[in-house]
Amino acid sequence: AKLMLLHGPNLNLLGQRETDIYGELTLDAINSAAKKQVEATNIELISLQSNSESQLVETIQQAKADNVSLIVINPAAYTHTSVAIRDALLAVEIPFIEVHLSNPHRREPFRHHSYFSDIAEAVVAGFGADSYRYALDAAIKIIQKN
Ligand code: DQA
């Protein structure tokens, strides 16, 4: 089975960007931890970060063709703006878990609305890099049940 891990805009700057909010870990560190976590299973992990909405849409479309079973996605700022990424996830009908490092609900009001939460299997937010760990743990469980 295949698990896709998607990171949205500016997450390439993790470790340097607003470290009081997002922590000191780099995206590479998060991706290697994810790789390790999945290593013990028979699941194949596909990871991608993009600053481009169109690339994220195209990658989600491609996930269908590639038989991806589940997507773990931090849409980053597109969480609050992107009908296009929402529609891509609805179109491919691949279940997904929404992840955030911070808890958007304790931040500015414009971060309180997500275009994803009402169609996500689950949402993990506010645990820093551990949000990914918990989401992947849940994703592995869901995939192995099927
Ligand atoms: C974020 C929260 C978003 O509001 C923000 O735009 C991000 C990161 C998070 O992981 O906490 O870029 O998705």
# chains A, B, ... in the order shown; residues from 1 in each chain; ligands from 1
>>> closest_atom_pairs(of="chain A", to="ligand 1", cutoff="9 Å", atoms="only C-alpha atoms and all ligand atoms", output="tab-separated table")
residue	atom	partner	partner_atom_place_in_ligand_line	distance
A:His7	CA	ligand 1	13 (O)	8.7
A:Gly8	CA	ligand 1	12 (O)	7.2
A:Pro9	CA	ligand 1	12 (O)	6.4
A:Asn10	CA	ligand 1	12 (O)	6.1
A:Leu11	CA	ligand 1	12 (O)	6.4
A:Ile21	CA	ligand 1	11 (O)	7.7
A:Tyr22	CA	ligand 1	11 (O)	6.6
A:Asn74	CA	ligand 1	13 (O)	5.5
A:Pro75	CA	ligand 1	13 (O)	5.8
A:Ala76	CA	ligand 1	13 (O)	3.3
A:Ala77	CA	ligand 1	6 (O)	3.3
A:Tyr78	CA	ligand 1	6 (O)	6.9
A:Thr79	CA	ligand 1	3 (C)	6.6
A:His80	CA	ligand 1	4 (O)	7.1
A:Glu98	CA	ligand 1	13 (O)	9.0
A:Val99	CA	ligand 1	10 (O)	6.5
A:His100	CA	ligand 1	10 (O)	3.3
A:Leu101	CA	ligand 1	10 (O)	3.8
A:Ser102	CA	ligand 1	11 (O)	3.6
A:Asn103	CA	ligand 1	11 (O)	6.1
A:Pro104	CA	ligand 1	4 (O)	5.6
A:Arg107	CA	ligand 1	4 (O)	8.1
A:Glu108	CA	ligand 1	4 (O)	8.6
A:Phe110	CA	ligand 1	4 (O)	8.3
A:Arg111	CA	ligand 1	4 (O)	5.2
A:His112	CA	ligand 1	4 (O)	8.2
A:Ser114	CA	ligand 1	4 (O)	8.9
A:Ala125	CA	ligand 1	11 (O)	7.0
A:Gly126	CA	ligand 1	11 (O)	7.0
A:Gly128	CA	ligand 1	11 (O)	7.6
A:Ala129	CA	ligand 1	10 (O)	8.8
A:Ser131	CA	ligand 1	10 (O)	8.7
>>> write_last_selection(atoms="C-alpha atoms", output="mmCIF file, in the first residue's frame")
data_model
loop_
_atom_site.group_PDB
_atom_site.id
_atom_site.type_symbol
_atom_site.label_atom_id
_atom_site.label_comp_id
_atom_site.auth_asym_id
_atom_site.auth_seq_id
_atom_site.Cartn_x
_atom_site.Cartn_y
_atom_site.Cartn_z
ATOM 1 C CA HIS A 7 3.511 19.605 2.709
ATOM 2 C CA GLY A 8 2.181 22.945 1.508
ATOM 3 C CA PRO A 9 3.776 26.373 1.038
ATOM 4 C CA ASN A 10 6.610 27.704 3.225
ATOM 5 C CA LEU A 11 7.053 24.408 5.022
ATOM 6 C CA ILE A 21 5.319 28.764 16.512
ATOM 7 C CA TYR A 22 6.610 25.982 14.266
ATOM 8 C CA ASN A 74 -0.461 19.882 5.844
ATOM 9 C CA PRO A 75 -1.953 22.355 3.365
ATOM 10 C CA ALA A 76 -0.253 25.216 5.303
ATOM 11 C CA ALA A 77 -1.621 28.613 4.175
ATOM 12 C CA TYR A 78 -3.743 26.888 1.494
ATOM 13 C CA THR A 79 -5.740 25.436 4.392
ATOM 14 C CA HIS A 80 -7.511 28.765 4.599
ATOM 15 C CA GLU A 98 -5.189 17.050 7.865
ATOM 16 C CA VAL A 99 -2.120 18.014 9.896
ATOM 17 C CA HIS A 100 -0.898 21.267 11.422
ATOM 18 C CA LEU A 101 2.155 21.948 13.546
ATOM 19 C CA SER A 102 0.398 24.788 15.351
ATOM 20 C CA ASN A 103 -3.176 24.861 16.590
ATOM 21 C CA PRO A 104 -4.771 27.290 14.110
ATOM 22 C CA ARG A 107 -4.160 31.951 16.372
ATOM 23 C CA GLU A 108 -5.525 34.735 14.149
ATOM 24 C CA PHE A 110 -8.397 33.993 9.495
ATOM 25 C CA ARG A 111 -6.755 30.678 10.417
ATOM 26 C CA HIS A 112 -9.867 29.362 12.130
ATOM 27 C CA SER A 114 -10.195 25.247 7.037
ATOM 28 C CA ALA A 125 -3.006 20.017 15.166
ATOM 29 C CA GLY A 126 -0.995 21.771 17.825
ATOM 30 C CA GLY A 128 4.498 20.684 16.626
ATOM 31 C CA ALA A 129 6.427 18.075 14.619
ATOM 32 C CA SER A 131 1.477 16.214 14.856
#
>>> residues_around(residues="A:Glu24", least_positions_apart="2", cutoff="8 Å", atoms="only C-alpha atoms", output="PDB file with N, CA and C atoms, in the first residue's frame")
ATOM      1  N   LEU A  14      10.827  25.330   7.372  1.00  0.00           N
ATOM      2  CA  LEU A  14      10.746  24.879   8.764  1.00  0.00           C
ATOM      3  C   LEU A  14      12.146  24.815   9.371  1.00  0.00           C
ATOM      4  N   GLY A  15      12.236  25.226  10.651  1.00  0.00           N
ATOM      5  CA  GLY A  15      13.536  25.267  11.317  1.00  0.00           C
ATOM      6  C   GLY A  15      14.118  26.669  11.318  1.00  0.00           C
ATOM      7  N   GLN A  16      13.676  27.515  10.356  1.00  0.00           N
ATOM      8  CA  GLN A  16      14.129  28.916  10.334  1.00  0.00           C
ATOM      9  C   GLN A  16      12.944  29.856  10.453  1.00  0.00           C
ATOM     10  N   THR A  19      10.145  30.141  14.499  1.00  0.00           N
ATOM     11  CA  THR A  19      10.434  28.917  15.264  1.00  0.00           C
ATOM     12  C   THR A  19       9.665  28.858  16.589  1.00  0.00           C
ATOM     13  N   TYR A  22       6.512  27.228  15.031  1.00  0.00           N
ATOM     14  CA  TYR A  22       6.610  25.982  14.266  1.00  0.00           C
ATOM     15  C   TYR A  22       7.730  25.059  14.721  1.00  0.00           C
ATOM     16  N   THR A  26      13.671  20.808  10.983  1.00  0.00           N
ATOM     17  CA  THR A  26      13.568  21.097   9.551  1.00  0.00           C
ATOM     18  C   THR A  26      12.600  20.116   8.907  1.00  0.00           C
TER      19      THR A  26
END
>>> select_by_dssp(residues="chain A", states="alpha helix (DSSP H)", output="number ranges by chain")
A: 19-22, 27-39, 53-65, 83-92, 130-145
>>> select_by_dssp(residues="chain A", states="strand (DSSP E)", output="ChimeraX atom specification")
/A:2-7,44-49,68-74,96-100,122-125
>>> residues_around(residues="A:Arg86", least_positions_apart="6", cutoff="12 Å", atoms="only C-alpha atoms", output="ChimeraX atom specification")
/A:53,56-57,60-61,73,75,78-80,92-96,98,114-120
>>> write_last_selection(atoms="C-alpha atoms", output="CSV table (one decimal), in the first residue's frame")
chain,number,residue,atom,x,y,z
A,53,GLU,CA,-1.1,25.2,-5.5
A,56,LEU,CA,-0.3,20.1,-5.1
A,57,VAL,CA,-3.4,19.7,-7.2
A,60,ILE,CA,-3.2,14.7,-5.7
A,61,GLN,CA,-4.6,13.9,-9.1
A,73,ILE,CA,-1.5,16.6,4.2
A,75,PRO,CA,-2.0,22.4,3.4
A,78,TYR,CA,-3.7,26.9,1.5
A,79,THR,CA,-5.7,25.4,4.4
A,80,HIS,CA,-7.5,28.8,4.6
A,92,VAL,CA,-9.8,11.4,-6.2
A,93,GLU,CA,-11.8,10.1,-3.3
A,94,ILE,CA,-8.7,9.2,-1.4
A,95,PRO,CA,-9.2,9.5,2.4
A,96,PHE,CA,-6.9,12.1,4.1
A,98,GLU,CA,-5.2,17.1,7.9
A,114,SER,CA,-10.2,25.2,7.0
A,115,TYR,CA,-11.4,24.2,3.6
A,116,PHE,CA,-10.4,20.6,4.6
A,117,SER,CA,-11.5,19.7,8.1
A,118,ASP,CA,-15.1,18.9,7.2
A,119,ILE,CA,-14.1,16.4,4.6
A,120,ALA,CA,-11.0,15.0,6.4
>>> closest_residue(among="A:Ala29, A:Ile71, A:Leu6, A:Val38", to="A:Ser50", atoms="only C-alpha atoms")
A:Leu6
>>> closest_residue(among="A:Asn12, A:Asp130, A:Ala91, A:Ala139", to="A:Gln49", atoms="only C-alpha atoms")
A:Asn12
>>> atom_distance(atom1="atom CA of A:Glu18", atom2="atom CA of A:Phe127")
15.3 Å
